[in-house]
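Peer 1: Got a structure here, written out as structure tokens. Questions coming.
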Number of protein chains: 2
Amino acid sequence: MASLADNEAKRGPVAPDALAARELVRTATASREELVEISLDAIDHRDADLHAWAHIDPSHARRQARSCGSAGILDGVCIGVKDIIDTVDLPTEYGSPIYRGHRPTVDASCVSALSRAGAIIVGKTVTTELAFTEPAITRNPIAPHLTPGASSCGSAAAVADGMVAIAIGTQLSASIVRPASYCGVLGFKPTLGTISTAGIKPASATLDTVGVFARTVDDLALAYCALAPPEELQLAELARPPRLGLVRTAQSDQADTSAHDVFDLVARTVEQAGGTIEDRVTSPPLDALPHAQECVGTYDMARALSHEQLHAPQLLSATVKAMIQQGLEIGPGERAAAITLRDQAAYALPELFGRCDALLTFAVTGEPPSRSSTGDPVFGRAWTFLGLPCVCLPGGLGPNGLPIGVQLVGRHGTDQKLLEIAKWVIQRLPIHNTGKSI
Amino acid sequence: MASLADNEAKRGPVAPDALAARELVRTATASREELVEISLDAIDHRDADLHAWAHIDPSHARRQARSCGSAGILDGVCIGVKDIIDTVDLPTEYGSPIYRGHRPTVDASCVSALSRAGAIIVGKTVTTELAFTEPAITRNPIAPHLTPGASSCGSAAAVADGMVAIAIGTQLSASIVRPASYCGVLGFKPTLGTISTAGIKPASATLDTVGVFARTVDDLALAYCALAPPEELQLAELARPPRLGLVRTAQSDQADTSAHDVFDLVARTVEQAGGTIEDRVTSPPLDALPHAQECVGTYDMARALSHEQLHAPQLLSATVKAMIQQGLEIGPGERAAAITLRDQAAYALPELFGRCDALLTFAVTGEPPSRSSTGDPVFGRAWTFLGLPCVCLPGGLGPNGLPIGVQLVGRHGTDQKLLEIAKWVIQRLPIHNTGKSI
């Protein structure tokens, strides 16, 4: 931890958390323009190494700071938007040469919602090519030779590096949860369908979910309130310590020793702080969901790119082409069977949760791997498919001093409650009690 | 019937069915160019009264006919595409003045799929404003003072009038099933997710489904194969007469006497032809689904239009604005409860189907109403929400000699089987045994 904190001290300008930023503006301690300059400075200082940003337009950012009149809940907060999400005022290239210089005519709904809340959109963050798994240029801010995860790599890295307080991404399998874990920040994937995906380059209508990266739970909540009004702004203190269900699905042997150690550490910490931990037994449909989710995702992504296959196949990478081919070989019947399995697993959810307030599960298989891959999304698949809200929080450090996240999963639609539980847990973890965020 | 057939004889050029068109091309009996001229002539003759088309580009249609080299399964088949679906080569205005002259940069996936299959896209058919329920200018081809239904009104009318053999629409509640019934054609809403919605103006990722209008079941199957490869091209004869479950949900008292009469007539006909009819009991979650589906649809549509609300509210109609307002008042918690109800109803589907091959249900509340509304979508809601494949077929005529459809609903992913059953049923209905299609 000490070395990370030292690094932070050396690295120059860092954007304040969103909650702090809006307070600075409200009390006229800092202007929106000054806050924008901090983000732009940070990017200027460090993005030549990090490559978190696909497009930055300083004058557009400054214009937003000047013109933002109303005191929305994200007033003065600088934000990054994954480049798979349409913006009128900034190029939107979806990580693909097919869309070089592309300018959509309409902002995505989530972008309109953020703007309406007073957020300043600093730029577009790097996505992998068309949100597939081919590694992009973004580095992991903690260890440049390792992957930041995918496909929302730029958003996670920009927040982890302190260039912005909040960044928006999307998750089809684990593209919020995995980069959050690898970069040591918080990732929040709200309940499927709560936040409109209109204006996001479609990959799968069944799976695509808008999510948020931030460094504090309060900032996740702020972003969520802006994206999903009329939700309540204020997170409440829990009335009693939470009851968490420990869920180890059939895939848990894919987590390495360090992931198991961090998982156990978090569970122990919750118990020692007065919370309740209960082992929950998974159902056969739930255990089979990761494979079924992969089937649906691959089927859908392959067909969502029909235009590109027909008109610009030479501009698709070999990785993307291979995944499309794989998806086209899946028939509608196989996809339908996967959906039926999801319905069965969904029906068994009340039993899985039992009396628990949320589930504690793996987020990743371990520390971030090398940049030759983007890591394994296995532990995101089932919960994305079920549409349940998930928070990834840094649970501890692995043998190389790198962050390993754990995942809290809530009941359908209990997003605010889940954030309150996440806040309770995180306040009690040793990794967050150093006076410094990871 | 006699009067409708007489009308048909008088009305000039009529596009041949898709199956016939591709046979004409295959045997060099007619050229693709000649087939395009029939559609263009029909539109030229009658669309000034019907208003089924939002955009027609004859030279683009002729160019497709000339350049189409490969013998795809829709070779030479003229098609209409609902103007909520993106096309690069034709304007895409979503029925809204906000998008006057809009030209997307990418074809929707379903458009690419149709083009790849050799279809000739003649033009864009009228949609209601942003696919909401405000009546559009399209007339019902059978009775001009009545509604053709919504929101895929132009597609249904163009097929019913014989301007094209096949047209594509979308359904969020009942926008395939209802216009099909009102215009007296066949409507097919495949299993949710089978056909990619990429490139369709998003209303609800949870509900939006691409569907097809045609005059024969074989043509529905042709279009489905083009849209959802690698499905089989050929519909098989049923090995035995079908076993159909009669489903009267709690909403069935909203169907008028004529709708009940047609429903009973179809059931009786199936039994007399050797099929089996079984009364099926609905579950409380299923009976509550129409209301829950409306909640999700309204929530989603309101949020999908964030950009338009923020930047062009003056160009939204009062109807659309009111529905958006209604949607914004629904919270994420209410939406989540609706999804949980859907999961419960989905789980009870095996019991609902029992040993039946498909369900027979209401499609509409009765004959088409006047043009001041677009009719009631109530009987589409539950099945759209559950994502089940549905076929609306003209079951009989009401007291005013106007068509009334019934709806066949299949198990998830059994689209081809459902079409085979629809073909079996339709061949035995008196309305289809006059030697003329309705």
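Here, A, B, ... name the chains of the structure tokens in the order displayed, residue numbers run from 1 inside each chain, and ligands are numbered from 1 in the same displayed order.
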Compile the contact shell of Ala255 (chain B) as a VMD selection string: residues with an atom at most 7 Å away, counting only C-alpha atoms, same-chain residues fewer than 6 positions apart removed.
Peer 2: chain B and resid 364 to 366
Peer 1: Determine which residues of region 223-356 of chain A receive a DSSP assignment of helix (DSSP H, G or I), computed from the backbone, and state them as a ChimeraX atom specification.
Peer 2: /A:223-227,250-254,257-272,284-304,306-311,313-315,318-328,332-347,349-353
Peer 1: List the spatial neighbours of Ala131 (chain B) as a count of residues only - criterion: any atom at most 6 Å away, only C-alpha atoms, same-chain residues fewer than 2 positions off excluded.
Peer 2: 3
Peer 1: I'd like the interatomic distance between CA of Asp357 (chain B) and CA of Leu349 (chain A), to a tenth of an Å.
Peer 2: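 One can read the CA of Asp357 (chain B) to CA of Leu349 (chain A) distance as 29.0 Å.
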Peer 1: Within 8 Å of region 100-114 of chain B, counting only C-alpha atoms, which residues qualify if same-chain residues fewer than 5 places away don't, as a list in words?
Peer 2: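 Those residues are Arg303, Ala304, Leu305, Ser306, His307 and Leu310 of chain A; Leu74, Val81, Ile85, Asp86, Thr87, Val88, Asp89, Leu90, Pro91, Thr92, Glu93, Ala119, Ile195, Ser196, Thr197, Ala198, Gly199, Ile200, Ala223, Ala226 and Leu227 of chain B.
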Peer 1: Which is closer to chain A than all the others in B:Glu278, B:Glu420, B:Asp415, B:Asp41, using only C-alpha atoms?
Peer 2: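 Going through B:Glu278, B:Glu420, B:Asp415, B:Asp41 one by one, the smallest distance to chain A is for B:Asp415.
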Peer 1: Tell me which protein, DNA and RNA residues are within 10 Å of Pro399 (chain A), counting only C-alpha atoms, leaving out same-chain ones fewer than 4 positions away, and put them as number ranges by chain.
Peer 2: A: 257-258, 366-367, 403
Peer 1: So how far away is CA of Asp17 (chain A) from CA of Ala363 (chain A), in Å?
Peer 2: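 A separation of 23.9 Å between them.
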Peer 1: Among region 248-372 of chain B, which residues carry a DSSP assignment of strand (DSSP E or B), reported as a PyMOL selection string?
Peer 2: chain B and resi 276-280+358-362+370
Peer 1: So which residues touch region 82-84 of chain A within 6 Å, counting only C-alpha atoms, skipping near sequence neighbours fewer than 5 positions away, as a list of chain:residue names?
Peer 2: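 Final neighbour list, sorted by chain and number: A:Thr92, A:Tyr94, A:Lys124, A:Thr125, A:Val126, A:Thr127, A:Ile168, A:Gly169, A:Lys201.
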Peer 1: Suppose you want the space between CA of Glu329 (chain A) and CA of Glu294 (chain A); what is it in Å?
Peer 2: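 Computed distance, CA of Glu329 (chain A) to CA of Glu294 (chain A), equals 13.2 Å.
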